[in-house]
>>> print(open('input_2.pdb').read())   # PDB, C-alpha atoms
ATOM      1  CA  MET T   1      -2.939  19.829 211.968
ATOM      2  CA  ILE T   2      -1.902  17.172 209.469
ATOM      3  CA  ASP T   3      -1.149  18.436 205.988
ATOM      4  CA  MET T   4      -2.726  15.692 203.921
ATOM      5  CA  CYS T   5      -0.843  16.538 200.726
ATOM      6  CA  HIS T   6       2.578  17.926 201.375
ATOM      7  CA  SER T   7       3.875  16.267 204.533
ATOM      8  CA  SER T   8       7.130  14.403 204.202
ATOM      9  CA  GLY T   9       7.437  10.664 204.766
ATOM     10  CA  PRO T  10       4.225   8.646 204.332
ATOM     11  CA  LEU T  11       2.382  11.439 202.588
ATOM     12  CA  SER T  12       5.057  12.465 200.113
ATOM     13  CA  LEU T  13       3.472  10.428 197.318
ATOM     14  CA  LEU T  14      -0.072  11.646 197.856
ATOM     15  CA  GLN T  15      -0.266  13.765 194.723
ATOM     16  CA  PRO T  16      -1.914  15.498 193.061
ATOM     17  CA  CYS T  17      -3.492  17.572 195.841
ATOM     18  CA  PRO T  18      -7.089  18.790 195.774
ATOM     19  CA  ARG T  19      -7.563  22.421 194.840
ATOM     20  CA  THR T  20      -9.229  23.168 198.162
ATOM     21  CA  SER T  21      -8.415  22.138 201.696
ATOM     22  CA  ALA T  22     -11.805  20.474 202.174
ATOM     23  CA  PHE T  23     -11.832  16.717 201.630
ATOM     24  CA  ARG T  24     -14.718  15.651 199.388
ATOM     25  CA  PRO T  25     -13.779  12.217 198.126
ATOM     26  CA  PHE T  26     -17.225  10.744 197.632
ATOM     27  CA  GLN T  27     -18.890  13.281 195.362
ATOM     28  CA  THR T  28     -18.171  11.498 192.101
ATOM     29  CA  SER T  29     -17.490   7.959 190.998
ATOM     30  CA  ARG T  30     -16.140   6.231 187.945
ATOM     31  CA  ARG T  31     -16.596   2.612 186.970
ATOM     32  CA  SER T  32     -13.639   1.017 185.266
ATOM     33  CA  ASN T  33     -14.125  -0.374 181.786
ATOM     34  CA  SER T  34     -12.812  -3.667 183.093
ATOM     35  CA  THR T  35     -16.145  -4.046 184.858
ATOM     36  CA  GLN T  36     -17.930  -3.761 181.535
ATOM     37  CA  LEU T  37     -15.744  -6.564 180.204
ATOM     38  CA  CYS T  38     -16.970  -8.751 183.030
ATOM     39  CA  LYS T  39     -20.577  -7.844 182.278
ATOM     40  CA  ALA T  40     -20.163  -8.748 178.628
ATOM     41  CA  SER T  41     -18.284 -11.972 179.283
ATOM     42  CA  SER T  42     -21.483 -14.048 179.437
ATOM     43  CA  ARG T  43     -21.918 -13.515 175.716
ATOM     44  CA  LYS T  44     -18.445 -14.802 174.873
ATOM     45  CA  SER T  45     -16.790 -18.184 174.650
ATOM     46  CA  PRO T  46     -15.626 -19.999 177.832
ATOM     47  CA  VAL T  47     -12.030 -19.045 177.050
ATOM     48  CA  ALA T  48     -13.027 -15.388 176.798
ATOM     49  CA  VAL T  49     -14.895 -15.626 180.089
ATOM     50  CA  ILE T  50     -11.809 -17.011 181.792
ATOM     51  CA  SER T  51      -9.604 -14.371 180.184
ATOM     52  CA  ASN T  52     -11.827 -11.498 181.272
ATOM     53  CA  THR T  53     -12.159 -12.854 184.797
ATOM     54  CA  GLU T  54      -8.396 -13.140 185.039
ATOM     55  CA  SER T  55      -8.056  -9.563 183.824
ATOM     56  CA  ALA T  56     -10.367  -8.354 186.569
ATOM     57  CA  PHE T  57      -8.366 -10.224 189.183
ATOM     58  CA  GLU T  58      -5.097  -8.844 187.813
ATOM     59  CA  HIS T  59      -6.474  -5.442 188.892
ATOM     60  CA  LEU T  60      -7.688  -6.853 192.185
ATOM     61  CA  ASN T  61      -4.321  -8.347 193.024
ATOM     62  CA  ARG T  62      -2.613  -4.992 192.672
ATOM     63  CA  ARG T  63      -5.233  -3.217 194.740
ATOM     64  CA  GLN T  64      -4.250  -4.739 198.065
ATOM     65  CA  LEU T  65      -5.979  -7.988 198.007
ATOM     66  CA  LEU T  66      -3.535  -7.799 200.467
ATOM     67  CA  GLN T  67      -3.651  -5.336 202.432
ATOM     68  CA  LEU T  68      -6.204  -7.397 201.568
ATOM     69  CA  ALA T  69      -6.123  -8.539 202.087
ATOM     70  CA  GLY T  70      -5.541  -7.095 201.668
ATOM     71  CA  THR T  71      -4.608  -8.039 201.856
ATOM     72  CA  SER T  72      -0.527  -7.736 200.823
ATOM     73  CA  ALA T  73       4.767 -12.125 198.519
ATOM     74  CA  LEU T  74       8.015 -13.012 197.633
ATOM     75  CA  LEU T  75       9.601 -15.157 194.931
ATOM     76  CA  LEU T  76       9.390 -18.924 194.771
ATOM     77  CA  GLN T  77      12.533 -19.489 196.823
ATOM     78  CA  TYR T  78      10.474 -18.390 199.835
ATOM     79  CA  ALA T  79       7.747 -20.942 199.193
ATOM     80  CA  SER T  80       8.721 -23.030 202.232
ATOM     81  CA  GLU T  81       7.762 -20.141 204.500
ATOM     82  CA  THR T  82       4.154 -20.394 203.358
ATOM     83  CA  LYS T  83       3.812 -23.578 205.407
ATOM     84  CA  ALA T  84       3.248 -21.253 208.337
ATOM     85  CA  SER T  85      -0.222 -20.582 206.974
ATOM     86  CA  LEU T  86      -1.175 -24.188 207.704
ATOM     87  CA  LEU T  87       0.013 -24.236 211.294
ATOM     88  CA  PRO T  88      -1.891 -23.575 214.494
ATOM     89  CA  GLU T  89      -1.426 -20.386 216.465
ATOM     90  CA  ALA T  90       1.366 -21.649 218.702
ATOM     91  CA  VAL T  91       3.534 -22.745 215.792
ATOM     92  CA  ASP T  92       2.595 -19.615 213.884
ATOM     93  CA  ASN T  93       4.133 -17.626 216.726
ATOM     94  CA  ALA T  94       7.237 -19.791 216.470
ATOM     95  CA  TRP T  95       7.411 -18.959 212.762
ATOM     96  CA  SER T  96       7.343 -15.304 213.721
ATOM     97  CA  SER T  97      10.178 -15.726 216.193
ATOM     98  CA  VAL T  98      12.548 -17.262 213.614
ATOM     99  CA  GLY T  99      12.228 -14.499 211.048
ATOM    100  CA  GLY T 100       8.897 -14.841 209.297
ATOM    101  CA  GLY T 101       7.690 -11.616 210.879
ATOM    102  CA  PRO T 102       4.659 -11.025 213.122
ATOM    103  CA  SER T 103       1.830 -13.549 212.888
ATOM    104  CA  ASP T 104      -0.332 -10.698 211.566
ATOM    105  CA  LEU T 105      -0.186  -6.955 211.065
ATOM    106  CA  THR T 106      -1.632  -5.119 214.063
ATOM    107  CA  PHE T 107      -2.993  -1.594 214.275
ATOM    108  CA  PRO T 108      -3.936   1.014 216.902
ATOM    109  CA  GLU T 109      -7.325   0.790 218.576
ATOM    110  CA  GLN T 110      -8.663   3.733 216.572
ATOM    111  CA  PHE T 111      -8.419   1.699 213.337
ATOM    112  CA  LEU T 112     -11.104  -0.707 214.606
ATOM    113  CA  GLY T 113     -14.331  -0.670 212.597
ATOM    114  CA  THR T 114     -15.394   0.061 209.016
ATOM    115  CA  TRP T 115     -14.045   2.843 206.818
ATOM    116  CA  LYS T 116     -14.969   4.433 203.529
ATOM    117  CA  VAL T 117     -11.825   4.423 201.415
ATOM    118  CA  GLN T 118     -10.887   6.382 198.336
ATOM    119  CA  ASN T 119      -7.998   4.678 196.565
ATOM    120  CA  THR T 120      -6.261   6.360 193.618
ATOM    121  CA  LEU T 121      -3.587   4.880 191.393
ATOM    122  CA  VAL T 122      -1.051   7.709 191.057
ATOM    123  CA  LYS T 123       1.902   6.017 189.371
ATOM    124  CA  VAL T 124       2.693   2.915 187.280
ATOM    125  CA  GLU T 125       6.329   1.968 186.721
ATOM    126  CA  THR T 126       8.191  -0.828 184.909
ATOM    127  CA  PRO T 127      11.680  -0.567 186.468
ATOM    128  CA  LEU T 128      13.291  -3.210 184.220
ATOM    129  CA  GLY T 129      11.456  -2.211 181.052
ATOM    130  CA  PRO T 130       8.571  -3.821 179.150
ATOM    131  CA  ASP T 131      10.579  -6.889 178.122
ATOM    132  CA  TYR T 132      10.374  -8.143 181.709
ATOM    133  CA  VAL T 133       6.622  -7.607 182.083
ATOM    134  CA  PRO T 134       4.625 -10.831 181.548
ATOM    135  CA  ASP T 135       1.547  -8.992 180.258
ATOM    136  CA  MET T 136       2.015  -5.388 179.135
ATOM    137  CA  LYS T 137      -1.694  -5.189 178.276
ATOM    138  CA  VAL T 138      -2.467  -5.225 182.003
ATOM    139  CA  VAL T 139      -0.019  -2.377 182.590
ATOM    140  CA  GLU T 140      -1.279  -0.369 179.623
ATOM    141  CA  ARG T 141      -4.875  -0.788 180.742
ATOM    142  CA  ALA T 142      -3.967   0.428 184.228
ATOM    143  CA  GLN T 143      -2.222   3.468 182.751
ATOM    144  CA  LYS T 144      -5.134   4.256 180.464
ATOM    145  CA  GLU T 145      -8.170   3.432 182.596
ATOM    146  CA  ASP T 146      -7.096   3.519 186.243
ATOM    147  CA  LEU T 147      -4.404   6.176 186.573
ATOM    148  CA  GLN T 148      -5.681   9.187 188.550
ATOM    149  CA  HIS T 149      -9.222   7.739 188.662
ATOM    150  CA  PRO T 150     -10.337   7.145 192.281
ATOM    151  CA  GLN T 151     -12.029   3.926 193.343
ATOM    152  CA  LYS T 152     -14.283   3.851 196.413
ATOM    153  CA  TYR T 153     -15.085   0.916 198.650
ATOM    154  CA  LEU T 154     -15.303  -0.174 202.287
ATOM    155  CA  VAL T 155     -12.441  -1.496 204.388
ATOM    156  CA  SER T 156     -12.784  -3.055 207.826
ATOM    157  CA  PHE T 157     -10.465  -3.688 210.763
ATOM    158  CA  MET T 158     -11.513  -6.294 213.332
ATOM    159  CA  ARG T 159     -10.325  -7.795 216.610
ATOM    160  CA  ASN T 160      -8.834 -11.294 216.647
ATOM    161  CA  ASN T 161      -9.027 -13.725 219.546
ATOM    162  CA  ARG T 162      -5.902 -12.194 221.060
ATOM    163  CA  GLY T 163      -7.649  -8.840 221.277
ATOM    164  CA  GLN T 164      -5.453  -7.328 218.557
ATOM    165  CA  VAL T 165      -6.807  -5.002 215.856
ATOM    166  CA  VAL T 166      -6.111  -6.604 212.479
ATOM    167  CA  ILE T 167      -7.273  -6.272 208.891
ATOM    168  CA  ASP T 168     -10.575  -8.052 208.200
ATOM    169  CA  ARG T 169      -9.311  -9.737 205.073
ATOM    170  CA  ARG T 170     -12.479 -11.675 204.364
ATOM    171  CA  PHE T 171     -14.689  -8.570 204.412
ATOM    172  CA  ASN T 172     -12.182  -6.495 202.450
ATOM    173  CA  THR T 173     -11.714  -9.170 199.799
ATOM    174  CA  SER T 174     -15.475  -9.447 199.376
ATOM    175  CA  GLN T 175     -15.755  -5.676 198.948
ATOM    176  CA  LEU T 176     -12.995  -5.461 196.345
ATOM    177  CA  VAL T 177     -14.120  -8.477 194.321
ATOM    178  CA  SER T 178     -17.670  -7.087 194.297
ATOM    179  CA  LEU T 179     -16.284  -3.776 193.018
ATOM    180  CA  TYR T 180     -14.399  -5.313 190.125
ATOM    181  CA  LEU T 181     -17.014  -7.884 189.126
ATOM    182  CA  ASP T 182     -19.808  -5.298 189.500
ATOM    183  CA  LYS T 183     -21.973  -7.666 191.538
ATOM    184  CA  PRO T 184     -22.167  -8.692 195.188
ATOM    185  CA  VAL T 185     -19.752 -11.437 196.199
ATOM    186  CA  PRO T 186     -20.771 -13.169 199.445
ATOM    187  CA  GLU T 187     -18.152 -13.655 202.120
ATOM    188  CA  ASP T 188     -18.864 -17.391 202.274
ATOM    189  CA  VAL T 189     -16.851 -17.944 199.075
ATOM    190  CA  ILE T 190     -13.809 -16.670 200.985
ATOM    191  CA  THR T 191     -11.987 -18.925 203.441
ATOM    192  CA  TRP T 192      -9.851 -17.125 206.002
ATOM    193  CA  ASN T 193      -9.134 -17.462 209.727
ATOM    194  CA  PRO T 194      -8.218 -14.234 211.559
ATOM    195  CA  ASP T 195      -6.302 -16.242 214.151
ATOM    196  CA  ASN T 196      -4.281 -18.058 211.473
ATOM    197  CA  PRO T 197      -4.193 -15.312 208.865
ATOM    198  CA  ASN T 198      -1.452 -16.299 206.434
ATOM    199  CA  GLN T 199      -3.710 -18.030 203.928
ATOM    200  CA  LEU T 200      -6.838 -16.807 202.156
ATOM    201  CA  ARG T 201      -8.801 -18.756 199.562
ATOM    202  CA  LEU T 202     -11.330 -17.205 197.181
ATOM    203  CA  ALA T 203     -13.449 -19.695 195.233
ATOM    204  CA  LEU T 204     -15.991 -18.301 192.777
ATOM    205  CA  PRO T 205     -18.449 -21.023 191.698
ATOM    206  CA  GLY T 206     -17.770 -22.137 188.123
ATOM    207  CA  SER T 207     -15.037 -19.561 187.680
ATOM    208  CA  MET T 208     -11.658 -18.955 189.265
ATOM    209  CA  THR T 209     -10.038 -20.003 192.526
ATOM    210  CA  ILE T 210      -7.327 -17.820 194.038
ATOM    211  CA  ASN T 211      -5.130 -19.014 196.894
ATOM    212  CA  THR T 212      -3.173 -16.234 198.592
ATOM    213  CA  ARG T 213      -0.392 -17.022 201.033
ATOM    214  CA  VAL T 214       1.589 -14.449 202.969
ATOM    215  CA  THR T 215       5.199 -15.635 203.083
ATOM    216  CA  ARG T 216       6.643 -12.925 205.310
ATOM    217  CA  ARG T 217       5.656  -9.605 206.809
ATOM    218  CA  SER T 218       6.986  -6.777 208.919
ATOM    219  CA  GLU T 219       5.774  -3.566 210.488
ATOM    220  CA  GLU T 220       7.304  -0.579 212.215
ATOM    221  CA  THR T 221       6.138   2.565 213.995
ATOM    222  CA  PRO T 222       8.536   5.370 213.018
ATOM    223  CA  ALA T 223       6.423   7.939 214.888
ATOM    224  CA  PRO T 224       3.375   7.873 217.198
ATOM    225  CA  ASP T 225       1.096   8.789 214.285
ATOM    226  CA  LYS T 226       2.708   6.584 211.617
ATOM    227  CA  ILE T 227       2.758   2.876 210.791
ATOM    228  CA  ASN T 228       4.686   1.195 207.977
ATOM    229  CA  THR T 229       3.686  -2.346 206.975
ATOM    230  CA  SER T 230       5.053  -4.814 204.454
ATOM    231  CA  GLU T 231       3.782  -8.187 203.273
ATOM    232  CA  TYR T 232       5.166 -10.519 200.627
ATOM    233  CA  PHE T 233       2.670 -12.944 199.211
ATOM    234  CA  GLN T 234       2.136 -15.551 196.536
ATOM    235  CA  GLN T 235      -1.099 -16.083 194.678
ATOM    236  CA  ILE T 236      -2.110 -19.156 192.709
ATOM    237  CA  PHE T 237      -4.840 -18.614 190.100
ATOM    238  CA  GLU T 238      -6.719 -21.735 189.000
ATOM    239  CA  SER T 239      -9.323 -21.631 186.225
ATOM    240  CA  PRO T 240     -11.588 -24.336 184.750
ATOM    241  CA  GLY T 241     -10.227 -25.621 181.470
ATOM    242  CA  ARG T 242      -6.674 -24.451 182.172
ATOM    243  CA  PRO T 243      -4.326 -27.327 183.015
ATOM    244  CA  GLN T 244      -1.644 -25.125 184.553
ATOM    245  CA  ALA T 245      -2.221 -22.759 187.444
ATOM    246  CA  LYS T 246      -0.869 -19.217 187.241
ATOM    247  CA  VAL T 247       1.474 -18.095 190.009
ATOM    248  CA  LYS T 248       2.076 -14.482 190.992
ATOM    249  CA  ALA T 249       4.442 -13.026 193.564
ATOM    250  CA  SER T 250       4.082  -9.514 194.969
ATOM    251  CA  GLN T 251       4.869  -7.210 197.842
ATOM    252  CA  CYS T 252       2.426  -4.788 199.431
ATOM    253  CA  TYR T 253       4.173  -1.943 201.276
ATOM    254  CA  THR T 254       1.951   0.628 202.988
ATOM    255  CA  LYS T 255       2.748   3.799 204.911
ATOM    256  CA  TYR T 256      -0.108   4.990 207.133
ATOM    257  CA  LYS T 257      -0.431   8.365 208.832
ATOM    258  CA  PHE T 258      -3.340   8.897 211.205
ATOM    259  CA  ARG T 259      -4.885  11.350 213.646
ATOM    260  CA  SER T 260      -7.714  11.279 216.132
ATOM    261  CA  GLN T 261     -11.301  11.193 214.910
ATOM    262  CA  GLU T 262     -11.923  14.449 216.754
ATOM    263  CA  ALA T 263      -9.146  16.195 214.815
ATOM    264  CA  ALA T 264     -10.458  14.779 211.554
ATOM    265  CA  ASP T 265     -13.996  15.939 212.344
ATOM    266  CA  ARG T 266     -12.844  19.457 213.154
ATOM    267  CA  GLN T 267     -11.323  19.793 209.696
ATOM    268  CA  ALA T 268     -13.902  17.648 207.855
ATOM    269  CA  GLY T 269     -11.095  15.443 206.595
ATOM    270  CA  PRO T 270      -9.890  11.853 206.747
ATOM    271  CA  ALA T 271      -8.609  10.307 209.947
ATOM    272  CA  ILE T 272      -6.168   8.071 208.059
ATOM    273  CA  VAL T 273      -4.174   8.596 204.884
ATOM    274  CA  ALA T 274      -1.787   6.131 203.308
ATOM    275  CA  THR T 275       0.592   5.547 200.449
ATOM    276  CA  GLN T 276       0.563   1.969 199.187
ATOM    277  CA  VAL T 277       3.085   0.446 196.798
ATOM    278  CA  ILE T 278       2.344  -2.898 195.124
ATOM    279  CA  SER T 279       5.405  -4.491 193.507
ATOM    280  CA  ASP T 280       5.026  -7.490 191.195
ATOM    281  CA  TYR T 281       7.870  -9.983 190.806
ATOM    282  CA  LEU T 282       8.545 -12.732 188.305
ATOM    283  CA  THR T 283       8.167 -16.388 189.202
ATOM    284  CA  ALA T 284       9.203 -19.591 187.469
ATOM    285  CA  TYR T 285       5.752 -19.517 185.863
ATOM    286  CA  ASP T 286       6.927 -16.529 183.829
ATOM    287  CA  GLY T 287      10.019 -18.399 182.609
ATOM    288  CA  GLU T 288      13.045 -19.484 184.621
ATOM    289  CA  LEU T 289      15.601 -17.609 182.510
ATOM    290  CA  LEU T 290      13.697 -14.330 182.647
ATOM    291  CA  SER T 291      13.126 -14.770 186.373
ATOM    292  CA  ILE T 292      16.842 -15.292 186.946
ATOM    293  CA  ARG T 293      17.718 -12.216 184.896
ATOM    294  CA  ALA T 294      15.320 -10.115 186.949
ATOM    295  CA  GLN T 295      17.385 -10.964 190.060
ATOM    296  CA  ASN T 296      14.444 -10.685 192.455
ATOM    297  CA  ARG T 297      13.760  -7.104 191.379
ATOM    298  CA  PRO T 298      10.185  -5.875 190.813
ATOM    299  CA  VAL T 299       9.036  -5.722 187.205
ATOM    300  CA  VAL T 300       5.892  -3.614 187.743
ATOM    301  CA  VAL T 301       5.292  -1.136 190.566
ATOM    302  CA  TYR T 302       1.903   0.465 191.284
ATOM    303  CA  THR T 303       1.668   3.371 193.711
ATOM    304  CA  TYR T 304      -1.659   4.342 195.295
ATOM    305  CA  SER T 305      -2.832   7.134 197.563
ATOM    306  CA  MET T 306      -5.547   6.255 200.061
ATOM    307  CA  PHE T 307      -7.898   8.243 202.292
ATOM    308  CA  PHE T 308      -9.959   6.667 205.092
ATOM    309  CA  ILE T 309     -13.152   8.227 206.470
ATOM    310  CA  ARG T 310     -15.072   6.582 209.305
ATOM    311  CA  GLN T 311     -18.169   4.771 208.050
ATOM    312  CA  ARG T 312     -21.323   6.180 209.701
ATOM    313  CA  GLY T 313     -24.183   4.320 208.148
ATOM    314  CA  LEU T 314     -23.739   5.790 204.670
ATOM    315  CA  SER T 315     -23.452   3.793 201.476
ATOM    316  CA  VAL T 316     -20.427   4.033 199.256
TER     317      VAL T 316
END
>>> encode(input="input_2.pdb", output="structure tokens")
Amino acid sequence: MIDMCHSSGPLSLLQPCPRTSAFRPFQTSRRSNSTQLCKASSRKSPVAVISNTESAFEHLNRRQLLQLAGTSALLLQYASETKASLLPEAVDNAWSSVGGGPSDLTFPEQFLGTWKVQNTLVKVETPLGPDYVPDMKVVERAQKEDLQHPQKYLVSFMRNNRGQVVIDRRFNTSQLVSLYLDKPVPEDVITWNPDNPNQLRLALPGSMTINTRVTRRSEETPAPDKINTSEYFQQIFESPGRPQAKVKASQCYTKYKFRSQEAADRQAGPAIVATQVISDYLTAYDGELLSIRAQNRPVVVYTYSMFFIRQRGLSV
């Protein structure tokens, strides 16, 4: 039996624990106030619309547009590595062999398919203090509105042309953007190739374009029922009416622990649990001097606990 709350290693950050041993993650829901900002944006000026959209995507970026995509990048000195995202499969493999990491994160066969996920922000940290945080309002909003409030959505794992089980970053991005904008976002606004997975482009008509590039990744299997993954990525946010694009650099580090579906069914619990840590870094966009002083250390760290239940024809 897997103790979903108190096991060491990947599960050590999954707190607080439910009061009962039964897992009932989908009984209640809460819609973030940031969604209401997006709803109201149509009544505001174009600048306000852009500002509110950016605020929504600030949340989205932290919530695994990388795993998301998950969907999950380093500082600007690693920018040359992002060229791998433009190369065909053969050269992408060569990039992997010289230190860029695997051409994509791969998972056990049992991950394949669609899952209902409950994702809870359990900790927000500013390791270097607020003076190093580009926008403390984003952090304060996360602490006030998101901390300990579960979000629910769907996540999918697919098979690429090599037969490997990988994250379906297009589907997952669509699900998360729809959640935060409070309206369906079709997958056709998302450009991504599962066989050349290092670049994802999200283009919302008349709004914002986000280009995400994975600059390096790694994964390890410390035990038969555990997987640790890491991705560094850069995101470029482009908005109409803004002459300068915004650049963000982050790392998505995830520890998964999993068990068979049969074991999960016997205990009416999740088959997969995870702890995910999103670390935001400074870039030259935030000021060269401040970026140098940060010395490649994270300025904001968000820790999430995640539970995965196999999707069986039920809506979120």
>>> resolve_selection(input="input_2.pdb", expression="the PyMOL selection byres ((chain T and resi 306) around 6)", output="PyMOL selection string")
chain T and resi 118-119+273-274+305+307
>>> axis_aligned_box(input="input_2.pdb", around="region 221-236 of chain T", padding_each_side="4 Å", output="lines of an AutoDock Vina configuration file")
center_x = 3.2
center_y = -5.2
center_z = 205.0
size_x = 18.6
size_y = 35.9
size_z = 32.5
>>> closest_residue(input="input_2.pdb", among="T:Asp135, T:Leu105, T:Asn211, T:Val117", to="Asp168 (chain T)", atoms="all atoms listed in the file")
T:Leu105
>>> closest_residue(input="input_2.pdb", among="T:Asn196, T:Arg293, T:Ile167, T:Thr120", to="His149 (chain T)", atoms="only C-alpha atoms")
T:Thr120
>>> residues_around(input="input_2.pdb", residues="Arg170 (chain T)", least_positions_apart="5", cutoff="7 Å", atoms="only C-alpha atoms", output="PyMOL selection string")
chain T and resi 187+190+192
>>> atom_distance(input="input_2.pdb", atom1="CA of Asp104 (chain T)", atom2="CA of Pro222 (chain T)")
18.4 Å
>>> atom_distance(input="input_2.pdb", atom1="CA of Pro127 (chain T)", atom2="CA of Val301 (chain T)")
7.6 Å
>>> resolve_selection(input="input_2.pdb", expression="the PyMOL selection byres ((chain T and resi 139) around 12)", output="ChimeraX atom specification")
/T:55,58-59,62,121,123-126,129-130,132-138,140-147,280,299-302
>>> write_last_selection(input="input_2.pdb", atoms="C-alpha atoms", output="compact mmCIF listing (two decimals), in the frame of the given file")
# COMPACT_ATOMS: atom_id res chain seq x y z
CA SER T 55 -8.06 -9.56 183.82
CA GLU T 58 -5.10 -8.84 187.81
CA HIS T 59 -6.47 -5.44 188.89
CA ARG T 62 -2.61 -4.99 192.67
CA LEU T 121 -3.59 4.88 191.39
CA LYS T 123 1.90 6.02 189.37
CA VAL T 124 2.69 2.92 187.28
CA GLU T 125 6.33 1.97 186.72
CA THR T 126 8.19 -0.83 184.91
CA GLY T 129 11.46 -2.21 181.05
CA PRO T 130 8.57 -3.82 179.15
CA TYR T 132 10.37 -8.14 181.71
CA VAL T 133 6.62 -7.61 182.08
CA PRO T 134 4.62 -10.83 181.55
CA ASP T 135 1.55 -8.99 180.26
CA MET T 136 2.02 -5.39 179.14
CA LYS T 137 -1.69 -5.19 178.28
CA VAL T 138 -2.47 -5.22 182.00
CA GLU T 140 -1.28 -0.37 179.62
CA ARG T 141 -4.88 -0.79 180.74
CA ALA T 142 -3.97 0.43 184.23
CA GLN T 143 -2.22 3.47 182.75
CA LYS T 144 -5.13 4.26 180.46
CA GLU T 145 -8.17 3.43 182.60
CA ASP T 146 -7.10 3.52 186.24
CA LEU T 147 -4.40 6.18 186.57
CA ASP T 280 5.03 -7.49 191.20
CA VAL T 299 9.04 -5.72 187.20
CA VAL T 300 5.89 -3.61 187.74
CA VAL T 301 5.29 -1.14 190.57
CA TYR T 302 1.90 0.46 191.28
>>> residues_around(input="input_2.pdb", residues="Tyr253 (chain T)", least_positions_apart="2", cutoff="6 Å", atoms="only C-alpha atoms", output="ChimeraX atom specification")
/T:229-230,276-277
>>> decode(input="input_2.pdb", residues="region 248-260 of chain T", atoms="N, CA, C and O atoms", output="compact mmCIF listing (two decimals), in the first residue's frame")
# COMPACT_ATOMS: atom_id res chain seq x y z
N LYS T 248 10.60 35.07 -19.89
CA LYS T 248 10.63 34.40 -18.59
C LYS T 248 11.46 33.13 -18.70
O LYS T 248 11.48 32.47 -19.73
N ALA T 249 12.13 32.81 -17.60
CA ALA T 249 12.93 31.59 -17.54
C ALA T 249 12.56 30.83 -16.28
O ALA T 249 12.48 31.41 -15.20
N SER T 250 12.30 29.53 -16.41
CA SER T 250 11.83 28.74 -15.28
C SER T 250 12.35 27.31 -15.37
O SER T 250 12.83 26.86 -16.41
N GLN T 251 12.22 26.61 -14.25
CA GLN T 251 12.47 25.18 -14.21
C GLN T 251 11.23 24.50 -13.65
O GLN T 251 10.61 25.01 -12.71
N CYS T 252 10.88 23.37 -14.23
CA CYS T 252 9.80 22.54 -13.70
C CYS T 252 10.40 21.21 -13.27
O CYS T 252 10.89 20.45 -14.10
N TYR T 253 10.39 20.95 -11.97
CA TYR T 253 10.95 19.71 -11.42
C TYR T 253 9.81 18.94 -10.77
O TYR T 253 9.10 19.47 -9.90
N THR T 254 9.61 17.70 -11.21
CA THR T 254 8.47 16.91 -10.75
C THR T 254 8.92 15.54 -10.26
O THR T 254 9.70 14.86 -10.94
N LYS T 255 8.43 15.15 -9.11
CA LYS T 255 8.65 13.81 -8.57
C LYS T 255 7.33 13.05 -8.61
O LYS T 255 6.36 13.46 -7.97
N TYR T 256 7.30 11.97 -9.39
CA TYR T 256 6.10 11.14 -9.50
C TYR T 256 6.29 9.87 -8.68
O TYR T 256 7.36 9.29 -8.63
N LYS T 257 5.19 9.42 -8.06
CA LYS T 257 5.14 8.09 -7.46
C LYS T 257 3.86 7.44 -7.95
O LYS T 257 2.79 8.08 -7.95
N PHE T 258 3.94 6.18 -8.40
CA PHE T 258 2.77 5.57 -9.03
C PHE T 258 2.62 4.13 -8.59
O PHE T 258 3.55 3.50 -8.07
N ARG T 259 1.43 3.60 -8.80
CA ARG T 259 1.11 2.21 -8.51
C ARG T 259 0.16 1.71 -9.58
O ARG T 259 -0.35 2.48 -10.39
N SER T 260 -0.11 0.43 -9.57
CA SER T 260 -0.98 -0.13 -10.60
C SER T 260 -2.40 0.38 -10.43
O SER T 260 -2.82 0.79 -9.34
